[in-house]
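Asks: Dropping in coords-v8.cif, with mmCIF, C-alpha atoms and all ligand atoms.
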data_coords
loop_
_atom_site.label_atom_id
_atom_site.label_comp_id
_atom_site.auth_asym_id
_atom_site.auth_seq_id
_atom_site.Cartn_x
_atom_site.Cartn_y
_atom_site.Cartn_z
CA MET A 230 -6.13 95.72 117.03
CA ASN A 231 -9.07 94.05 118.74
CA THR A 232 -12.40 95.41 117.42
CA LYS A 233 -13.57 96.15 120.95
CA ASP A 234 -10.60 98.50 121.49
CA MET A 235 -11.35 100.55 118.38
CA LYS A 236 -13.09 103.90 118.51
CA PHE A 237 -16.27 104.44 116.45
CA GLU A 238 -14.47 106.39 113.70
CA THR A 239 -12.07 103.45 113.23
CA LYS A 240 -14.71 100.72 113.38
CA VAL A 241 -16.83 102.20 110.57
CA ILE A 242 -13.84 101.99 108.24
CA HIS A 243 -12.02 98.86 109.38
CA VAL A 244 -14.53 96.36 110.78
CA GLY A 245 -15.74 94.37 107.79
CA GLY A 246 -13.51 96.57 105.62
CA GLU A 247 -10.44 94.35 105.71
CA PRO A 248 -8.64 94.00 102.34
CA ASP A 249 -9.63 91.02 100.20
CA PRO A 250 -7.35 88.16 101.35
CA VAL A 251 -7.16 86.64 97.83
CA THR A 252 -6.12 89.70 95.79
CA GLY A 253 -5.26 92.38 98.35
CA ALA A 254 -7.97 94.65 96.92
CA ILE A 255 -8.47 97.35 99.57
CA MET A 256 -12.20 97.49 98.82
CA PRO A 257 -14.11 94.31 99.62
CA PRO A 258 -15.48 92.50 96.56
CA ILE A 259 -19.20 92.29 95.90
CA TYR A 260 -19.99 88.58 96.06
CA GLN A 261 -22.73 88.83 93.44
CA THR A 262 -23.65 85.17 93.62
CA SER A 263 -26.75 83.22 94.53
CA THR A 264 -25.00 79.93 95.34
CA TYR A 265 -21.65 78.37 96.30
CA VAL A 266 -19.89 75.25 95.00
CA GLN A 267 -19.60 72.35 97.45
CA SER A 268 -16.76 69.81 97.30
CA SER A 269 -19.03 67.00 98.51
CA PRO A 270 -22.71 67.19 99.59
CA GLY A 271 -22.82 69.34 102.72
CA GLU A 272 -19.11 70.21 102.52
CA HIS A 273 -18.62 73.92 101.87
CA LYS A 274 -16.79 76.99 103.13
CA GLY A 275 -19.64 78.21 105.36
CA TYR A 276 -21.72 79.57 102.48
CA GLU A 277 -24.47 77.55 100.78
CA TYR A 278 -27.01 79.99 99.34
CA THR A 279 -27.28 83.80 99.43
CA ARG A 280 -30.71 83.86 101.08
CA SER A 281 -29.02 82.44 104.17
CA HIS A 282 -25.49 83.87 103.93
CA ASN A 283 -23.39 86.05 101.66
CA PRO A 284 -19.80 87.20 102.33
CA THR A 285 -20.50 90.85 101.44
CA ARG A 286 -23.49 90.87 103.81
CA THR A 287 -21.40 89.14 106.48
CA ARG A 288 -18.88 91.99 106.33
CA LEU A 289 -21.63 94.57 106.78
CA GLU A 290 -23.17 92.60 109.65
CA GLU A 291 -19.81 92.47 111.43
CA CYS A 292 -19.34 96.20 111.03
CA LEU A 293 -22.85 97.11 112.25
CA ALA A 294 -22.69 94.70 115.20
CA SER A 295 -19.50 96.45 116.33
CA LEU A 296 -21.13 99.89 116.06
CA GLU A 297 -23.95 98.90 118.43
CA ASN A 298 -21.55 96.93 120.68
CA ALA A 299 -23.57 93.82 119.82
CA LYS A 300 -22.60 90.19 119.39
CA HIS A 301 -24.95 89.57 116.47
CA CYS A 302 -26.36 91.52 113.55
CA PHE A 303 -28.70 90.61 110.71
CA VAL A 304 -29.12 92.80 107.69
CA THR A 305 -32.39 92.78 105.74
CA ALA A 306 -33.82 94.18 102.52
CA SER A 307 -35.67 97.01 104.33
CA GLY A 308 -36.15 98.43 107.81
CA LEU A 309 -39.69 97.08 107.89
CA SER A 310 -38.57 93.56 107.01
CA ALA A 311 -36.26 93.62 110.05
CA SER A 312 -39.30 94.59 112.16
CA MET A 313 -41.27 91.81 110.46
CA LEU A 314 -38.73 89.15 111.49
CA ILE A 315 -38.93 90.29 115.10
CA MET A 316 -42.72 90.07 115.12
CA GLN A 317 -42.61 86.66 113.39
CA MET A 318 -40.34 85.44 116.18
CA LEU A 319 -42.93 86.01 118.92
CA PRO A 320 -45.35 83.20 119.80
CA HIS A 321 -48.83 83.76 118.33
CA GLY A 322 -51.09 85.81 120.59
CA SER A 323 -48.26 87.76 122.22
CA LYS A 324 -48.98 91.08 123.87
CA VAL A 325 -46.93 93.92 122.37
CA LEU A 326 -46.75 97.42 123.83
CA CYS A 327 -45.66 99.88 121.17
CA GLY A 328 -44.93 103.59 121.46
CA ASP A 329 -47.86 105.64 120.19
CA ASP A 330 -45.78 107.79 117.81
CA VAL A 331 -43.88 105.59 115.35
CA TYR A 332 -43.10 105.73 111.63
CA GLY A 333 -46.38 105.36 109.69
CA GLY A 334 -45.18 102.17 107.98
CA THR A 335 -44.34 100.57 111.33
CA TYR A 336 -47.79 101.48 112.62
CA ARG A 337 -49.35 99.96 109.49
CA LEU A 338 -47.26 96.77 109.76
CA PHE A 339 -48.28 96.26 113.38
CA SER A 340 -51.91 97.42 113.25
CA LYS A 341 -52.90 96.00 109.83
CA VAL A 342 -50.66 92.94 109.31
CA PHE A 343 -49.37 91.55 112.63
CA ASN A 344 -52.56 92.48 114.49
CA GLN A 345 -53.85 89.17 113.04
CA MET A 346 -51.14 87.37 115.00
CA HIS A 347 -50.51 89.46 118.14
CA ASP A 348 -52.28 91.85 120.49
CA PHE A 349 -50.87 95.37 119.99
CA GLU A 350 -51.47 98.32 122.26
CA PHE A 351 -50.08 101.76 121.37
CA VAL A 352 -49.10 103.73 124.45
CA ASP A 353 -47.28 106.94 125.35
CA THR A 354 -43.88 105.61 126.42
CA THR A 355 -42.78 109.05 127.69
CA ASP A 356 -45.21 108.72 130.63
CA LEU A 357 -43.21 106.33 132.81
CA VAL A 358 -45.77 106.10 135.62
CA ALA A 359 -48.61 105.06 133.31
CA LEU A 360 -46.27 102.80 131.35
CA GLU A 361 -45.05 100.93 134.42
CA LYS A 362 -48.65 100.28 135.45
CA LYS A 363 -49.47 99.04 131.95
CA ILE A 364 -46.40 96.76 131.84
CA THR A 365 -47.16 95.28 135.26
CA GLU A 366 -50.81 94.68 134.38
CA SER A 367 -50.48 93.42 130.82
CA LYS A 368 -47.13 91.55 131.05
CA PRO A 369 -46.17 92.14 127.42
CA ALA A 370 -43.83 89.80 125.56
CA LEU A 371 -42.25 92.79 123.84
CA ILE A 372 -42.00 96.56 124.28
CA TRP A 373 -41.32 98.49 121.07
CA LEU A 374 -39.76 101.90 121.42
CA GLU A 375 -38.89 104.36 118.73
CA THR A 376 -36.78 107.09 120.31
CA PRO A 377 -36.68 109.83 119.17
CA THR A 378 -40.02 109.15 117.51
CA ASN A 379 -40.96 109.80 113.93
CA PRO A 380 -42.22 112.51 113.43
CA MET A 381 -42.84 114.15 116.83
CA LEU A 382 -39.30 113.47 118.18
CA LYS A 383 -40.61 112.27 121.55
CA ILE A 384 -37.89 110.71 123.67
CA SER A 385 -38.38 107.69 125.91
CA ASP A 386 -36.10 106.74 128.78
CA ILE A 387 -34.56 103.52 127.43
CA SER A 388 -32.81 102.31 130.60
CA ALA A 389 -35.87 102.93 132.82
CA ILE A 390 -38.20 101.13 130.38
CA ALA A 391 -35.80 98.22 129.74
CA ALA A 392 -35.61 97.71 133.53
CA MET A 393 -39.42 97.65 133.74
CA GLY A 394 -39.49 95.15 130.87
CA LYS A 395 -36.97 92.86 132.54
CA LYS A 396 -39.21 92.52 135.61
CA VAL A 397 -41.92 90.86 133.48
CA LYS A 398 -39.46 89.13 131.07
CA ALA A 399 -40.48 91.39 128.17
CA LEU A 400 -37.98 92.06 125.39
CA THR A 401 -37.28 95.74 124.87
CA VAL A 402 -36.66 96.61 121.23
CA VAL A 403 -35.51 100.08 120.19
CA ASP A 404 -35.81 101.52 116.71
CA ASN A 405 -32.64 103.63 116.70
CA THR A 406 -32.98 104.90 113.12
CA PHE A 407 -33.10 108.63 113.97
CA MET A 408 -29.98 108.67 116.14
CA SER A 409 -27.90 106.05 114.29
CA PRO A 410 -25.37 104.07 116.33
CA TYR A 411 -23.20 107.20 116.44
CA PHE A 412 -25.41 109.13 118.85
CA GLN A 413 -27.21 106.38 120.78
CA ASN A 414 -26.53 102.73 121.69
CA PRO A 415 -29.68 101.19 123.19
CA LEU A 416 -28.02 97.86 124.08
CA ASN A 417 -25.64 99.74 126.40
CA LEU A 418 -28.74 101.14 128.11
CA GLY A 419 -30.29 97.72 128.75
CA ALA A 420 -32.39 97.15 125.61
CA ASP A 421 -32.46 93.60 124.20
CA MET A 422 -32.52 94.47 120.50
CA VAL A 423 -31.85 97.44 118.27
CA VAL A 424 -33.48 97.95 114.88
CA HIS A 425 -32.41 100.35 112.14
CA SER A 426 -33.73 101.40 108.83
CA MET A 427 -30.32 101.41 107.10
CA THR A 428 -32.04 103.36 104.32
CA LYS A 429 -31.45 106.44 106.47
CA PHE A 430 -28.32 107.66 108.29
CA ILE A 431 -26.39 104.36 108.29
CA ASN A 432 -26.18 104.31 104.51
CA GLY A 433 -26.58 108.07 104.24
CA HIS A 434 -26.75 108.48 100.47
CA SER A 435 -30.42 107.80 99.64
CA ASP A 436 -29.50 105.03 97.20
CA VAL A 437 -30.34 101.88 99.21
CA VAL A 438 -33.32 100.48 101.11
CA GLY A 439 -32.23 98.22 103.94
CA GLY A 440 -32.68 97.21 107.55
CA ALA A 441 -30.57 95.86 110.37
CA MET A 442 -31.05 94.43 113.83
CA MET A 443 -28.42 93.97 116.50
CA PHE A 444 -28.51 92.05 119.80
CA ASN A 445 -26.42 89.89 122.14
CA SER A 446 -28.54 86.79 122.81
CA ASP A 447 -27.45 83.53 121.13
CA GLU A 448 -30.99 82.21 121.51
CA LEU A 449 -32.41 85.18 119.57
CA LYS A 450 -29.72 84.64 116.94
CA GLU A 451 -30.92 81.08 116.28
CA LYS A 452 -34.54 82.22 116.00
CA ILE A 453 -33.85 85.20 113.73
CA PHE A 454 -31.49 83.23 111.48
CA PHE A 455 -34.11 80.50 111.08
CA LEU A 456 -36.74 83.07 110.10
CA GLN A 457 -34.44 85.06 107.82
CA ASN A 458 -33.65 81.87 105.92
CA ALA A 459 -37.19 80.50 106.02
CA ILE A 460 -38.88 83.74 104.91
CA GLY A 461 -36.11 85.31 102.82
CA PRO A 462 -35.98 89.10 103.37
CA SER A 463 -32.16 89.11 103.17
CA GLN A 464 -30.41 92.10 101.61
CA SER A 465 -28.80 91.76 98.17
CA PRO A 466 -24.98 91.64 98.02
CA PHE A 467 -24.80 94.85 95.98
CA ASP A 468 -26.96 96.82 98.42
CA SER A 469 -24.91 95.48 101.34
CA TRP A 470 -21.76 96.65 99.57
CA LEU A 471 -23.23 100.12 99.05
CA VAL A 472 -24.02 100.36 102.76
CA LEU A 473 -20.50 99.18 103.65
CA ARG A 474 -19.29 102.09 101.54
CA GLY A 475 -21.77 104.61 102.95
CA VAL A 476 -21.25 103.73 106.61
CA LYS A 477 -17.55 104.64 106.46
CA THR A 478 -18.47 108.33 106.81
CA LEU A 479 -21.23 107.87 109.41
CA ALA A 480 -19.35 109.70 112.18
CA LEU A 481 -18.39 112.60 109.91
CA ARG A 482 -21.90 112.88 108.54
CA MET A 483 -23.66 112.71 111.91
CA LYS A 484 -21.51 115.54 113.30
CA ALA A 485 -22.32 117.67 110.26
CA HIS A 486 -26.07 116.81 110.34
CA GLN A 487 -26.22 117.77 113.99
CA ALA A 488 -24.26 121.05 113.66
CA ASN A 489 -26.56 122.19 110.83
CA ALA A 490 -29.72 120.98 112.57
CA MET A 491 -28.90 122.86 115.77
CA LYS A 492 -28.43 126.12 113.83
CA ILE A 493 -31.64 125.60 111.87
CA ALA A 494 -33.62 124.74 115.01
CA GLN A 495 -32.41 127.98 116.63
CA PHE A 496 -33.23 129.93 113.47
CA LEU A 497 -36.75 128.45 113.33
CA GLU A 498 -37.37 129.04 117.04
CA LYS A 499 -36.89 132.79 116.49
CA HIS A 500 -38.82 132.98 113.22
CA PRO A 501 -42.10 134.97 113.35
CA LYS A 502 -43.84 132.57 110.91
CA VAL A 503 -43.11 129.51 113.07
CA ASP A 504 -45.43 128.47 115.85
CA LYS A 505 -43.28 125.84 117.57
CA VAL A 506 -40.07 123.90 116.92
CA ILE A 507 -39.31 120.38 118.12
CA TYR A 508 -35.62 119.42 118.28
CA PRO A 509 -34.10 117.30 121.08
CA GLY A 510 -31.13 119.71 121.33
CA LEU A 511 -33.31 122.69 122.26
CA GLU A 512 -33.91 123.34 125.94
CA SER A 513 -37.57 123.84 125.05
CA HIS A 514 -37.84 120.13 124.10
CA PRO A 515 -39.96 118.42 126.80
CA GLN A 516 -37.52 115.51 127.15
CA HIS A 517 -34.30 117.50 126.64
CA ALA A 518 -32.91 116.17 129.95
CA ILE A 519 -33.39 112.50 128.94
CA ALA A 520 -31.95 113.28 125.49
CA LYS A 521 -28.78 114.63 127.14
CA LYS A 522 -28.60 111.59 129.41
CA GLN A 523 -28.96 108.80 126.85
CA MET A 524 -27.80 110.31 123.56
CA SER A 525 -24.36 111.72 122.79
CA GLY A 526 -25.85 114.16 120.25
CA PHE A 527 -29.22 115.34 119.03
CA GLY A 528 -29.25 114.27 115.38
CA GLY A 529 -30.38 115.86 112.15
CA MET A 530 -34.17 115.64 112.36
CA ILE A 531 -36.38 118.65 113.17
CA THR A 532 -40.12 119.06 113.14
CA PHE A 533 -41.93 122.37 113.39
CA PHE A 534 -45.37 123.89 113.22
CA LEU A 535 -45.84 126.73 110.75
CA LYS A 536 -48.27 129.49 111.62
CA GLY A 537 -51.19 128.65 109.34
CA GLY A 538 -52.79 125.54 107.85
CA ILE A 539 -52.58 123.30 104.82
CA ASN A 540 -52.40 126.20 102.30
CA GLU A 541 -49.40 127.80 104.03
CA SER A 542 -47.73 124.37 104.36
CA ARG A 543 -48.21 123.59 100.66
CA LYS A 544 -46.88 127.00 99.58
CA PHE A 545 -43.84 126.63 101.85
CA LEU A 546 -43.09 123.07 100.70
CA GLU A 547 -43.44 124.06 97.03
CA SER A 548 -41.15 127.09 97.44
CA VAL A 549 -38.01 125.59 98.97
CA HIS A 550 -35.54 123.91 96.60
CA LEU A 551 -32.38 122.81 98.41
CA PHE A 552 -34.71 121.03 100.82
CA ALA A 553 -36.16 118.46 98.42
CA LEU A 554 -39.81 117.57 98.98
CA ALA A 555 -39.54 113.82 99.52
CA GLU A 556 -40.21 111.00 101.97
CA SER A 557 -37.26 109.39 103.78
CA LEU A 558 -34.42 110.99 105.73
CA GLY A 559 -30.81 110.64 106.74
CA GLY A 560 -29.11 111.29 103.39
CA VAL A 561 -26.40 113.90 102.86
CA GLU A 562 -28.95 116.04 101.02
CA SER A 563 -31.64 117.94 102.94
CA LEU A 564 -35.21 116.71 102.66
CA ILE A 565 -38.50 118.25 103.72
CA GLU A 566 -41.91 116.64 103.96
CA HIS A 567 -45.48 116.87 105.24
CA PRO A 568 -46.03 113.92 107.63
CA ALA A 569 -49.86 114.09 107.59
CA ILE A 570 -50.04 113.68 103.79
CA MET A 571 -46.82 111.76 103.19
CA THR A 572 -44.97 109.51 105.68
CA HIS A 573 -47.77 109.16 108.24
CA ALA A 574 -50.81 109.03 105.92
CA SER A 575 -51.41 105.41 106.91
CA ILE A 576 -52.13 106.47 110.51
CA PRO A 577 -55.88 107.08 111.03
CA ALA A 578 -56.78 110.81 111.07
CA ASP A 579 -58.06 110.76 114.66
CA VAL A 580 -54.82 109.15 115.91
CA ARG A 581 -52.79 111.71 113.95
CA GLN A 582 -54.76 114.54 115.54
CA LYS A 583 -54.16 113.13 119.01
CA LEU A 584 -50.43 112.89 118.37
CA GLY A 585 -50.24 116.43 116.98
CA ILE A 586 -49.56 115.47 113.35
CA HIS A 587 -51.53 118.45 112.05
CA ASP A 588 -51.62 120.09 108.62
CA ASN A 589 -49.12 122.76 109.69
CA LEU A 590 -46.51 120.20 110.83
CA ILE A 591 -43.38 120.08 108.67
CA ARG A 592 -40.48 117.60 109.05
CA LEU A 593 -36.90 118.37 108.04
CA SER A 594 -34.06 115.94 107.50
CA VAL A 595 -31.19 118.40 107.66
CA GLY A 596 -28.38 117.50 105.29
CA VAL A 597 -24.71 118.39 105.30
CA GLU A 598 -24.82 121.28 102.80
CA ASP A 599 -23.59 124.78 103.68
CA ILE A 600 -25.65 126.10 106.58
CA ASP A 601 -26.07 129.62 105.13
CA ASP A 602 -27.45 128.18 101.90
CA LEU A 603 -29.91 126.00 103.83
CA ILE A 604 -31.16 128.94 105.89
CA LYS A 605 -31.51 131.09 102.74
CA ASP A 606 -33.61 128.33 101.18
CA LEU A 607 -35.94 128.24 104.20
CA GLU A 608 -36.17 132.06 104.13
CA ILE A 609 -37.36 131.85 100.51
CA GLY A 610 -40.08 129.43 101.65
CA PHE A 611 -41.16 131.73 104.50
CA SER A 612 -41.21 134.77 102.21
CA LYS A 613 -43.91 133.08 100.08
CA ILE A 614 -46.41 132.66 102.95
O1 LIG A 701 -38.23 102.26 104.75
P1 LIG A 701 -37.61 101.13 105.54
O2 LIG A 701 -36.16 100.95 105.28
O3 LIG A 701 -38.39 99.85 105.46
O4 LIG A 701 -37.65 101.62 107.07
C1 LIG A 701 -38.82 101.76 107.79
C2 LIG A 701 -38.60 102.72 108.95
C3 LIG A 701 -38.41 102.18 110.20
N1 LIG A 701 -38.19 102.98 111.26
C4 LIG A 701 -38.16 104.32 111.15
C5 LIG A 701 -37.93 105.16 112.35
C6 LIG A 701 -38.34 104.91 109.90
O5 LIG A 701 -38.28 106.25 109.81
C7 LIG A 701 -38.58 104.10 108.76
C8 LIG A 701 -38.82 104.67 107.42
N2 LIG A 701 -39.16 106.04 107.39
C9 LIG A 701 -39.43 106.80 106.30
C10 LIG A 701 -39.45 106.31 105.05
C11 LIG A 701 -39.74 108.20 106.57
O6 LIG A 701 -39.71 109.04 105.66
O7 LIG A 701 -40.02 108.52 107.73
#
Could you spell out this file's structure in structure tokens?
Replies:
Amino acid sequence: MNTKDMKFETKVIHVGGEPDPVTGAIMPPIYQTSTYVQSSPGEHKGYEYTRSHNPTRTRLEECLASLENAKHCFVTASGLSASMLIMQMLPHGSKVLCGDDVYGGTYRLFSKVFNQMHDFEFVDTTDLVALEKKITESKPALIWLETPTNPMLKISDISAIAAMGKKVKALTVVDNTFMSPYFQNPLNLGADMVVHSMTKFINGHSDVVGGAMMFNSDELKEKIFFLQNAIGPSQSPFDSWLVLRGVKTLALRMKAHQANAMKIAQFLEKHPKVDKVIYPGLESHPQHAIAKKQMSGFGGMITFFLKGGINESRKFLESVHLFALAESLGGVESLIEHPAIMTHASIPADVRQKLGIHDNLIRLSVGVEDIDDLIKDLEIGFSKI
């Protein structure tokens, strides 16, 4: 069957998952090799050196490209190194408009590393009127959207913004980590590139750090391949193999994450010790209508404000146990964290305050455990404050 005719649930298992042609092994081998033998100088089977190409990584890239309906995919050693390659690709002095609420590490990479190369401006990409004015005036080379954002779960209208970008020839790049390709496909909505931290839902088992980017342009492919080879942030064959294994259950996992997250969001919304819940699937979410339009589900991430301050937050975070207190997200196990102290500590305090990343803000990555057990665990936390 042609890949394009396959449904998502089939692609995750079969694209890049073809049996080994040499032995018939149903699981693809891990090509744990740095180099490849040539029959004569320059004569080889398409593989020269693992920094540039590796057959296990190629399989993963084929699979992930198909999931985002993309022509090309590159897999990197971390989500941030995928973002790095994209920034390296822009001519020096480029103007970049970036959403104001992004993962703390992305903010740090742009504002403390690439600010020496480009001109970054962080803007609220949910305000389309102000954004259009800014795009028209500043003519950026690139617009960087994270939607939903980390941690405030703000949602930007991808097709409207990509159309604005096209008018000034700006590339629109979407960090799709929170939705995974199962719930949202930015290229279908007009974006030029998609970026993922594969560390999260794509791999789904909290045992790999990795990144991926997908796109259709052959010109971008040449540029990114040159940089990937020249700089060297390629993913190791073993990690690529682990992601090939993890991604097979992406559809099953995303459905389970979302079902649990919806129930927990509703539970939190009614809880007397909770001030406010943010979850794209709740009608109270300010961009719920856009979420329904551009996403086919609402994902497994929830943020909420406890009633209280840092002491109540600490007590709550210390008291839950099924929800493990840890950075990261998207694994089968539930995680909980304090963005102000943990994942978003690298964002200056005044910027955090403006965004609403206060001391009573808690972020949940809802896993696929039994829902009653998860709610009991949260109840234990609430009973201690
Ligand atoms: O950790 P790495 O694989 O390099 O991915 C960076 C990254 C990029 N984009 C988003 C939306 C992310 O959430 C992340 C990483 N985030 C966490 C580690 C976290 O706990 O939020």
Asks: Taking all atoms listed in the file into account, which residues are within 6 Å of ligand LIG 701 (chain A), as a list of chain:residue names?
Replies: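 Listed by chain and ascending number, the contacts are A:Ser307, A:Gly308, A:Leu309, A:Tyr332, A:Asn379, A:Thr406, A:Ser426, A:Thr428, A:Val438, A:Gly439, A:Gly440, A:Glu556, A:Ser557, A:Leu558, A:Thr572.
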Asks: Which distance in Å separates CA of Val342 (chain A) and CA of Asp579 (chain A), to one decimal?
Replies: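 Pair CA of Val342 (chain A) / CA of Asp579 (chain A) returns 20.0 Å.
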Asks: Using all atoms listed in the file, can you tell me which of A:Ile384, A:Ala391, A:Ala459, A:Leu418 comes closest to His517 (chain A)?
Replies: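 Among the listed residues, the smallest separation from His517 (chain A) belongs to A:Ile384.
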Asks: Would you tabulate, counting all atoms listed in the file, all residues of region 270-337 of chain A that have an atom at most 7 Å from an atom of region 343-366 of chain A, showing the closest pair of atoms and their distance in Å to one decimal, sorted by chain then ascending number, as a tab-separated table?
Replies:
residue	atom	partner	partner_atom	distance
A:His321	CA	A:Met346	CA	5.4
A:Gly322	CA	A:His347	CA	4.4
A:Ser323	CA	A:His347	CA	5.0
A:Lys324	CA	A:Asp348	CA	4.8
A:Val325	CA	A:Phe349	CA	4.8
A:Leu326	CA	A:Glu350	CA	5.1
A:Cys327	CA	A:Phe351	CA	4.8
A:Gly328	CA	A:Val352	CA	5.1
A:Asp329	CA	A:Phe351	CA	4.6
Asks: Just to be explicit: take each residue in the selection above, keep C-alpha atoms, and write the result as a short mmCIF file (atom, residue, chain, number, x, y, z; two decimals), in the coordinates of the input.
Replies:
data_model
loop_
_atom_site.label_atom_id
_atom_site.label_comp_id
_atom_site.auth_asym_id
_atom_site.auth_seq_id
_atom_site.Cartn_x
_atom_site.Cartn_y
_atom_site.Cartn_z
CA HIS A 321 -48.83 83.76 118.33
CA GLY A 322 -51.09 85.81 120.59
CA SER A 323 -48.26 87.76 122.22
CA LYS A 324 -48.98 91.08 123.87
CA VAL A 325 -46.93 93.92 122.37
CA LEU A 326 -46.75 97.42 123.83
CA CYS A 327 -45.66 99.88 121.17
CA GLY A 328 -44.93 103.59 121.46
CA ASP A 329 -47.86 105.64 120.19
#
Asks: Considering only C-alpha atoms, state which residue in the set A:Ile600, A:Leu289, A:Met235, A:Met524 is at the smallest distance from His486 (chain A).
Replies: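 Answer, going by the shortest atom-to-atom distance: A:Ile600.
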Asks: If I put a ball of radius 12 Å at (-40.3, 111.6, 119.5) in the file's coordinates, which residues poke into it when counting only C-alpha atoms, written as a VMD selection string?
Replies: chain A and resid 328 to 332 353 to 355 374 to 386 404 to 408 507 to 509 514 to 517 519 to 520 527 530 to 532 584 to 586
Asks: Tell me which residues come within 7 Å of (-53.4, 121.9, 106.8), as an MDAnalysis selection string, counting only C-alpha atoms in the file's coordinates.
Replies: chainID A and resid 538:540 542 587:589
Asks: Quick one, how far is CA of Lys429 (chain A) from CA of Lys536 (chain A)?
Replies: 29.0 Å
Asks: May I have a table of the residues of region 475-496 of chain A lying at most 12 Å from region 244-248 of chain A, giving each one's closest pair of atoms and their distance in Å to one decimal, counting only C-alpha atoms, ordered by chain and ascending residue number, as CSV?
Replies:
residue,atom,partner,partner_atom,distance
A:Gly475,CA,A:Gly246,CA,11.8
A:Val476,CA,A:Gly246,CA,10.6
A:Lys477,CA,A:Gly246,CA,9.1
